[in-house]
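Chemist: I'm passing along final08.txt; it holds compact mmCIF, N, CA and C atoms.
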# COMPACT_ATOMS: atom_id res chain seq x y z
N MET A 1 12.78 -6.30 6.56
CA MET A 1 11.34 -6.20 6.53
C MET A 1 10.70 -7.49 7.00
N SER A 2 11.34 -8.62 6.71
CA SER A 2 10.76 -9.89 7.13
C SER A 2 10.79 -10.03 8.65
N ARG A 3 11.77 -9.41 9.31
CA ARG A 3 11.78 -9.45 10.77
C ARG A 3 10.55 -8.77 11.34
N PHE A 4 10.13 -7.68 10.68
CA PHE A 4 8.95 -6.98 11.14
C PHE A 4 7.72 -7.87 11.03
N PHE A 5 7.58 -8.60 9.92
CA PHE A 5 6.43 -9.47 9.75
C PHE A 5 6.46 -10.61 10.76
N ILE A 6 7.63 -11.12 11.06
CA ILE A 6 7.74 -12.18 12.07
C ILE A 6 7.33 -11.63 13.43
N PHE A 7 7.76 -10.40 13.74
CA PHE A 7 7.37 -9.77 14.99
C PHE A 7 5.86 -9.61 15.08
N VAL A 8 5.24 -9.13 14.00
CA VAL A 8 3.80 -8.93 13.99
C VAL A 8 3.08 -10.26 14.13
N GLN A 9 3.58 -11.28 13.44
CA GLN A 9 2.95 -12.59 13.53
C GLN A 9 3.01 -13.11 14.97
N ARG A 10 4.15 -12.98 15.60
CA ARG A 10 4.28 -13.44 16.99
C ARG A 10 3.40 -12.63 17.92
N PHE A 11 3.29 -11.32 17.65
CA PHE A 11 2.44 -10.47 18.46
C PHE A 11 0.99 -10.90 18.36
N VAL A 12 0.54 -11.20 17.15
CA VAL A 12 -0.85 -11.61 16.96
C VAL A 12 -1.10 -12.95 17.64
N VAL A 13 -0.18 -13.88 17.50
CA VAL A 13 -0.35 -15.18 18.14
C VAL A 13 -0.40 -15.02 19.66
N LEU A 14 0.49 -14.18 20.19
CA LEU A 14 0.50 -13.94 21.62
C LEU A 14 -0.78 -13.26 22.06
N ALA A 15 -1.23 -12.25 21.31
CA ALA A 15 -2.45 -11.52 21.67
C ALA A 15 -3.66 -12.44 21.62
N LEU A 16 -3.76 -13.23 20.57
CA LEU A 16 -4.89 -14.14 20.46
C LEU A 16 -4.82 -15.22 21.53
N GLY A 17 -3.61 -15.65 21.86
CA GLY A 17 -3.45 -16.63 22.93
C GLY A 17 -3.86 -16.06 24.28
N GLN A 18 -3.53 -14.79 24.53
CA GLN A 18 -3.93 -14.15 25.77
C GLN A 18 -5.44 -14.03 25.87
N VAL A 19 -6.07 -13.69 24.75
CA VAL A 19 -7.52 -13.60 24.75
C VAL A 19 -8.13 -14.97 25.03
N GLY A 20 -7.52 -16.00 24.46
CA GLY A 20 -8.00 -17.35 24.74
C GLY A 20 -7.84 -17.72 26.19
N LEU A 21 -6.71 -17.34 26.79
CA LEU A 21 -6.51 -17.61 28.22
C LEU A 21 -7.50 -16.84 29.07
N LEU A 22 -7.75 -15.58 28.69
CA LEU A 22 -8.71 -14.78 29.44
C LEU A 22 -10.10 -15.37 29.35
N SER A 23 -10.47 -15.81 28.16
CA SER A 23 -11.81 -16.37 28.03
C SER A 23 -11.91 -17.71 28.75
N ALA A 24 -10.84 -18.49 28.76
CA ALA A 24 -10.86 -19.76 29.49
C ALA A 24 -10.99 -19.52 30.98
N ALA A 25 -10.28 -18.49 31.49
CA ALA A 25 -10.39 -18.17 32.91
C ALA A 25 -11.78 -17.66 33.24
N ALA A 26 -12.37 -16.87 32.35
CA ALA A 26 -13.71 -16.36 32.58
C ALA A 26 -14.72 -17.50 32.60
N TRP A 27 -14.56 -18.47 31.74
CA TRP A 27 -15.47 -19.61 31.71
C TRP A 27 -15.36 -20.42 33.01
N ALA A 28 -14.12 -20.58 33.49
CA ALA A 28 -13.92 -21.35 34.71
C ALA A 28 -14.54 -20.65 35.92
N GLN A 29 -14.48 -19.33 35.95
CA GLN A 29 -15.03 -18.58 37.08
C GLN A 29 -16.55 -18.51 37.02
N ALA A 30 -17.09 -18.34 35.85
CA ALA A 30 -18.52 -18.11 35.72
C ALA A 30 -19.31 -19.40 35.49
N GLY A 31 -18.67 -20.49 35.44
CA GLY A 31 -19.38 -21.74 35.20
C GLY A 31 -19.75 -21.86 33.74
N GLN A 32 -21.02 -21.77 33.41
CA GLN A 32 -21.48 -21.89 32.03
C GLN A 32 -21.53 -20.57 31.27
N ALA A 33 -21.20 -19.47 31.91
CA ALA A 33 -21.27 -18.18 31.24
C ALA A 33 -20.18 -18.09 30.17
N GLY A 34 -20.49 -17.44 29.05
CA GLY A 34 -19.56 -17.30 27.94
C GLY A 34 -18.64 -16.11 28.14
N PRO A 35 -17.70 -15.92 27.22
CA PRO A 35 -16.80 -14.78 27.31
C PRO A 35 -17.56 -13.46 27.09
N SER A 36 -17.01 -12.40 27.62
CA SER A 36 -17.66 -11.10 27.48
C SER A 36 -17.54 -10.61 26.02
N VAL A 37 -18.29 -9.60 25.72
CA VAL A 37 -18.28 -9.05 24.37
C VAL A 37 -16.89 -8.51 24.04
N TRP A 38 -16.26 -7.87 25.00
CA TRP A 38 -14.92 -7.32 24.78
C TRP A 38 -13.93 -8.43 24.43
N GLU A 39 -14.01 -9.55 25.13
CA GLU A 39 -13.11 -10.68 24.85
C GLU A 39 -13.39 -11.28 23.48
N GLN A 40 -14.62 -11.25 23.04
CA GLN A 40 -14.95 -11.78 21.73
C GLN A 40 -14.48 -10.85 20.61
N LEU A 41 -14.51 -9.54 20.84
CA LEU A 41 -14.14 -8.58 19.81
C LEU A 41 -12.64 -8.31 19.75
N MET A 42 -11.91 -8.65 20.80
CA MET A 42 -10.48 -8.34 20.87
C MET A 42 -9.69 -8.90 19.68
N PRO A 43 -9.86 -10.14 19.25
CA PRO A 43 -9.10 -10.64 18.09
C PRO A 43 -9.40 -9.84 16.82
N PHE A 44 -10.64 -9.45 16.62
CA PHE A 44 -11.00 -8.68 15.43
C PHE A 44 -10.37 -7.29 15.47
N VAL A 45 -10.30 -6.70 16.65
CA VAL A 45 -9.67 -5.39 16.79
C VAL A 45 -8.19 -5.50 16.43
N PHE A 46 -7.52 -6.52 16.92
CA PHE A 46 -6.10 -6.71 16.60
C PHE A 46 -5.90 -6.93 15.10
N ILE A 47 -6.76 -7.69 14.48
CA ILE A 47 -6.64 -7.95 13.05
C ILE A 47 -6.85 -6.66 12.26
N LEU A 48 -7.84 -5.86 12.64
CA LEU A 48 -8.07 -4.59 11.95
C LEU A 48 -6.87 -3.64 12.09
N ILE A 49 -6.29 -3.59 13.27
CA ILE A 49 -5.12 -2.74 13.48
C ILE A 49 -3.96 -3.21 12.61
N ILE A 50 -3.74 -4.49 12.55
CA ILE A 50 -2.65 -5.05 11.74
C ILE A 50 -2.91 -4.78 10.26
N PHE A 51 -4.14 -4.97 9.80
CA PHE A 51 -4.47 -4.67 8.40
C PHE A 51 -4.22 -3.21 8.09
N TYR A 52 -4.57 -2.33 9.01
CA TYR A 52 -4.37 -0.91 8.76
C TYR A 52 -2.90 -0.60 8.58
N PHE A 53 -2.06 -1.08 9.49
CA PHE A 53 -0.64 -0.73 9.43
C PHE A 53 0.13 -1.48 8.36
N LEU A 54 -0.30 -2.66 7.97
CA LEU A 54 0.44 -3.44 6.98
C LEU A 54 -0.10 -3.30 5.56
N LEU A 55 -1.37 -2.95 5.40
CA LEU A 55 -1.95 -2.89 4.06
C LEU A 55 -2.47 -1.50 3.68
N ILE A 56 -3.32 -0.95 4.48
CA ILE A 56 -4.02 0.27 4.10
C ILE A 56 -3.11 1.48 4.13
N ARG A 57 -2.39 1.68 5.22
CA ARG A 57 -1.54 2.87 5.37
C ARG A 57 -0.42 2.94 4.32
N PRO A 58 0.32 1.84 4.07
CA PRO A 58 1.34 1.91 3.02
C PRO A 58 0.77 2.20 1.63
N GLN A 59 -0.41 1.66 1.33
CA GLN A 59 -1.03 1.92 0.04
C GLN A 59 -1.43 3.38 -0.09
N GLN A 60 -1.92 3.98 0.99
CA GLN A 60 -2.27 5.40 0.96
C GLN A 60 -1.03 6.26 0.74
N ARG A 61 0.07 5.88 1.36
CA ARG A 61 1.32 6.63 1.16
C ARG A 61 1.80 6.54 -0.29
N ARG A 62 1.75 5.33 -0.87
CA ARG A 62 2.16 5.15 -2.25
C ARG A 62 1.28 5.97 -3.19
N ALA A 63 -0.02 5.97 -2.95
CA ALA A 63 -0.93 6.73 -3.80
C ALA A 63 -0.66 8.23 -3.69
N LYS A 64 -0.40 8.69 -2.48
CA LYS A 64 -0.11 10.11 -2.28
C LYS A 64 1.19 10.50 -2.99
N ASN A 65 2.23 9.69 -2.84
CA ASN A 65 3.51 9.96 -3.50
C ASN A 65 3.36 9.93 -5.02
N HIS A 66 2.56 9.00 -5.54
CA HIS A 66 2.36 8.90 -6.98
C HIS A 66 1.61 10.13 -7.50
N GLN A 67 0.63 10.61 -6.74
CA GLN A 67 -0.12 11.80 -7.15
C GLN A 67 0.80 13.02 -7.17
N ILE A 68 1.68 13.15 -6.18
CA ILE A 68 2.65 14.26 -6.15
C ILE A 68 3.58 14.16 -7.35
N PHE A 69 4.01 12.93 -7.68
CA PHE A 69 4.87 12.71 -8.84
C PHE A 69 4.17 13.14 -10.12
N LEU A 70 2.90 12.76 -10.27
CA LEU A 70 2.16 13.11 -11.49
C LEU A 70 1.96 14.62 -11.61
N GLU A 71 1.75 15.29 -10.49
CA GLU A 71 1.57 16.74 -10.54
C GLU A 71 2.87 17.46 -10.91
N GLY A 72 4.00 16.83 -10.66
CA GLY A 72 5.29 17.45 -10.95
C GLY A 72 5.84 17.16 -12.33
N LEU A 73 5.09 16.45 -13.15
CA LEU A 73 5.57 16.13 -14.50
C LEU A 73 5.64 17.38 -15.37
N ARG A 74 6.67 17.43 -16.19
CA ARG A 74 6.87 18.55 -17.10
C ARG A 74 7.20 18.03 -18.50
N ARG A 75 7.03 18.89 -19.47
CA ARG A 75 7.36 18.54 -20.85
C ARG A 75 8.87 18.27 -20.94
N GLY A 76 9.23 17.19 -21.60
CA GLY A 76 10.62 16.82 -21.75
C GLY A 76 11.09 15.76 -20.76
N ASP A 77 10.28 15.45 -19.75
CA ASP A 77 10.64 14.40 -18.79
C ASP A 77 10.56 13.03 -19.45
N SER A 78 11.51 12.17 -19.12
CA SER A 78 11.47 10.78 -19.58
C SER A 78 10.72 9.97 -18.55
N VAL A 79 9.73 9.20 -19.00
CA VAL A 79 8.89 8.44 -18.09
C VAL A 79 8.72 7.01 -18.56
N LEU A 80 8.28 6.17 -17.63
CA LEU A 80 7.96 4.77 -17.89
C LEU A 80 6.48 4.58 -17.60
N THR A 81 5.74 4.02 -18.54
CA THR A 81 4.31 3.79 -18.31
C THR A 81 4.12 2.48 -17.57
N SER A 82 2.90 2.27 -17.09
CA SER A 82 2.61 1.03 -16.39
C SER A 82 2.65 -0.17 -17.33
N GLY A 83 2.57 0.08 -18.63
CA GLY A 83 2.67 -1.00 -19.61
C GLY A 83 4.10 -1.29 -20.04
N GLY A 84 5.07 -0.51 -19.51
CA GLY A 84 6.47 -0.75 -19.81
C GLY A 84 7.01 0.04 -20.98
N ILE A 85 6.29 1.05 -21.42
CA ILE A 85 6.73 1.87 -22.55
C ILE A 85 7.53 3.05 -22.04
N LEU A 86 8.74 3.22 -22.59
CA LEU A 86 9.56 4.38 -22.25
C LEU A 86 9.28 5.49 -23.26
N GLY A 87 9.19 6.72 -22.76
CA GLY A 87 8.94 7.82 -23.66
C GLY A 87 9.27 9.15 -23.03
N THR A 88 9.22 10.18 -23.86
CA THR A 88 9.46 11.55 -23.41
C THR A 88 8.16 12.32 -23.54
N ILE A 89 7.83 13.07 -22.50
CA ILE A 89 6.58 13.82 -22.50
C ILE A 89 6.66 14.96 -23.51
N GLU A 90 5.70 14.98 -24.43
CA GLU A 90 5.61 16.04 -25.43
C GLU A 90 4.46 16.99 -25.15
N GLY A 91 3.44 16.51 -24.49
CA GLY A 91 2.28 17.35 -24.18
C GLY A 91 1.58 16.85 -22.93
N LEU A 92 1.01 17.79 -22.17
CA LEU A 92 0.32 17.45 -20.93
C LEU A 92 -1.03 18.15 -20.87
N THR A 93 -2.03 17.44 -20.40
CA THR A 93 -3.31 18.05 -20.01
C THR A 93 -3.61 17.53 -18.61
N ASP A 94 -4.77 17.88 -18.09
CA ASP A 94 -5.12 17.40 -16.75
C ASP A 94 -5.29 15.90 -16.70
N GLN A 95 -5.76 15.32 -17.80
CA GLN A 95 -6.07 13.90 -17.81
C GLN A 95 -5.16 13.07 -18.71
N TYR A 96 -4.63 13.65 -19.78
CA TYR A 96 -3.86 12.90 -20.76
C TYR A 96 -2.43 13.41 -20.89
N VAL A 97 -1.55 12.51 -21.36
CA VAL A 97 -0.16 12.84 -21.63
C VAL A 97 0.16 12.33 -23.03
N THR A 98 0.86 13.14 -23.79
CA THR A 98 1.34 12.70 -25.10
C THR A 98 2.81 12.37 -24.96
N LEU A 99 3.16 11.11 -25.28
CA LEU A 99 4.54 10.64 -25.17
C LEU A 99 5.12 10.43 -26.56
N GLU A 100 6.38 10.81 -26.70
CA GLU A 100 7.10 10.48 -27.93
C GLU A 100 7.94 9.25 -27.59
N ILE A 101 7.62 8.13 -28.23
CA ILE A 101 8.30 6.87 -27.92
C ILE A 101 9.38 6.54 -28.93
N ALA A 102 9.36 7.17 -30.06
CA ALA A 102 10.40 7.07 -31.10
C ALA A 102 10.31 8.34 -31.91
N LYS A 103 11.24 8.51 -32.82
CA LYS A 103 11.23 9.73 -33.63
C LYS A 103 9.93 9.81 -34.43
N ASP A 104 9.18 10.90 -34.21
CA ASP A 104 7.90 11.16 -34.87
C ASP A 104 6.83 10.10 -34.59
N VAL A 105 6.96 9.37 -33.49
CA VAL A 105 5.94 8.42 -33.06
C VAL A 105 5.44 8.87 -31.70
N ARG A 106 4.18 9.29 -31.66
CA ARG A 106 3.60 9.81 -30.42
C ARG A 106 2.37 9.00 -30.05
N ILE A 107 2.21 8.80 -28.76
CA ILE A 107 1.02 8.11 -28.26
C ILE A 107 0.39 8.99 -27.18
N ARG A 108 -0.90 8.84 -27.03
CA ARG A 108 -1.63 9.59 -26.01
C ARG A 108 -2.15 8.59 -24.99
N ILE A 109 -1.79 8.81 -23.72
CA ILE A 109 -2.19 7.89 -22.66
C ILE A 109 -2.79 8.68 -21.50
N LEU A 110 -3.45 7.98 -20.62
CA LEU A 110 -3.95 8.60 -19.40
C LEU A 110 -2.78 8.95 -18.50
N LYS A 111 -2.88 10.07 -17.84
CA LYS A 111 -1.81 10.54 -16.96
C LYS A 111 -1.57 9.54 -15.82
N ASN A 112 -2.63 8.91 -15.33
CA ASN A 112 -2.49 7.95 -14.24
C ASN A 112 -1.70 6.71 -14.61
N GLN A 113 -1.53 6.46 -15.92
CA GLN A 113 -0.82 5.26 -16.36
C GLN A 113 0.69 5.44 -16.39
N ILE A 114 1.18 6.61 -16.01
CA ILE A 114 2.62 6.81 -15.91
C ILE A 114 3.06 6.24 -14.57
N ALA A 115 3.94 5.26 -14.61
CA ALA A 115 4.35 4.57 -13.39
C ALA A 115 5.47 5.29 -12.66
N SER A 116 6.49 5.70 -13.41
CA SER A 116 7.64 6.33 -12.75
C SER A 116 8.46 7.10 -13.77
N SER A 117 9.46 7.77 -13.24
CA SER A 117 10.41 8.46 -14.10
C SER A 117 11.37 7.43 -14.68
N ALA A 118 11.75 7.60 -15.93
CA ALA A 118 12.68 6.67 -16.55
C ALA A 118 14.07 6.83 -15.95
N ASN A 119 14.33 7.96 -15.34
CA ASN A 119 15.63 8.21 -14.73
C ASN A 119 15.71 7.78 -13.27
N SER A 120 14.61 7.27 -12.70
CA SER A 120 14.59 6.93 -11.28
C SER A 120 15.56 5.79 -10.95
N GLY A 121 15.78 4.85 -11.85
CA GLY A 121 16.74 3.78 -11.62
C GLY A 121 18.15 4.29 -11.62
N GLU A 122 18.46 5.28 -12.45
CA GLU A 122 19.79 5.85 -12.52
C GLU A 122 20.10 6.73 -11.32
N ASP A 123 19.05 7.38 -10.77
CA ASP A 123 19.23 8.25 -9.61
C ASP A 123 19.61 7.46 -8.36
N LYS A 124 19.17 6.22 -8.24
CA LYS A 124 19.42 5.42 -7.06
C LYS A 124 20.85 4.89 -6.99
N LYS A 125 21.57 4.87 -8.10
CA LYS A 125 22.93 4.32 -8.14
C LYS A 125 23.90 5.21 -7.43
Here is a file; write its structure as structure tokens.

Modeler:
Amino acid sequence: MSRFFIFVQRFVVLALGQVGLLSAAAWAQAGQAGPSVWEQLMPFVFILIIFYFLLIRPQQRRAKNHQIFLEGLRRGDSVLTSGGILGTIEGLTDQYVTLEIAKDVRIRILKNQIASSANSGEDKK
């Protein structure tokens, strides 16, 4: 994954350098005229594209996968909350989940606070 970030970093440096060369050539040709609007906006366009692919799109995928996970929860599933509490689902509503964290000890939490399945670490082995 770090190779990808190095590639993106080099791409941005190269792209911004090319824009700088283009604007320098435009200044030399036009005398005192400044760079065109397109040349001025090009670095911002590249930055927005990079932000979309490195930050926004992966976060949307994670949120979508988490929502699918939450919709698939059933009574009896072992889960891990975002606070680090392990428990077994005893009851479900649209908004809340009742977890049994010890014998006869139940807590009610928001459904969105369930981070993952408690068995997900064992499944990867």

Chemist: Restricting the calculation to only C-alpha atoms, which member of A:Ile85, A:Val97, A:Val105, A:Ile50 is positioned closest to Glu71 (chain A)?

Modeler: A:Val97

Chemist: Could you check how far atom C of Gln60 (chain A) sits from atom N of Ile107 (chain A), in Å to one decimal?

Modeler: 29.8 Å

Chemist: Mind pulling up the distance from CA of Asn119 (chain A) to CA of Gly91 (chain A)?

Modeler: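 Atom-to-atom, CA of Gly91 (chain A) and CA of Asn119 (chain A) are spaced 18.7 Å apart.
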
Chemist: Determine which residues of region 85-114 of chain A receive a DSSP assignment of strand (DSSP E), computed from the backbone, and state them as a VMD selection string.

Modeler: chain A and resid 86 to 92 96 to 102 105 to 110 114

Chemist: Go through A:Phe46, A:Tyr52, A:Phe7, A:Phe69 one by one, measure the shortest atom-to-atom distance of each to Ser117 (chain A) using only C-alpha atoms, and give the residue with the smallest value.

Modeler: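 Among the listed residues, A:Phe69 lies closest to Ser117 (chain A).
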
Chemist: Using only C-alpha atoms, can you tell me which of A:Leu54, A:Val37, A:Val45, A:Ala118 comes closest to Gln9 (chain A)?

Modeler: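 Of A:Leu54, A:Val37, A:Val45, A:Ala118, the one nearest Gln9 (chain A) is A:Leu54, counting only C-alpha atoms.
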
Chemist: Suppose you want the space between atom C of Asp94 (chain A) and atom N of Leu55 (chain A); what is it in Å?

Modeler: 29.3 Å

Chemist: Taking the backbone alone, and naming residues the way the document does, which bits of region 66-102 of chain A are alpha helix (DSSP H) by DSSP, as a list in words?

Modeler: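 In region 66-102 of chain A, DSSP puts these residues in alpha helix (DSSP H): His66, Gln67, Ile68, Phe69, Leu70 and Glu71 of chain A.
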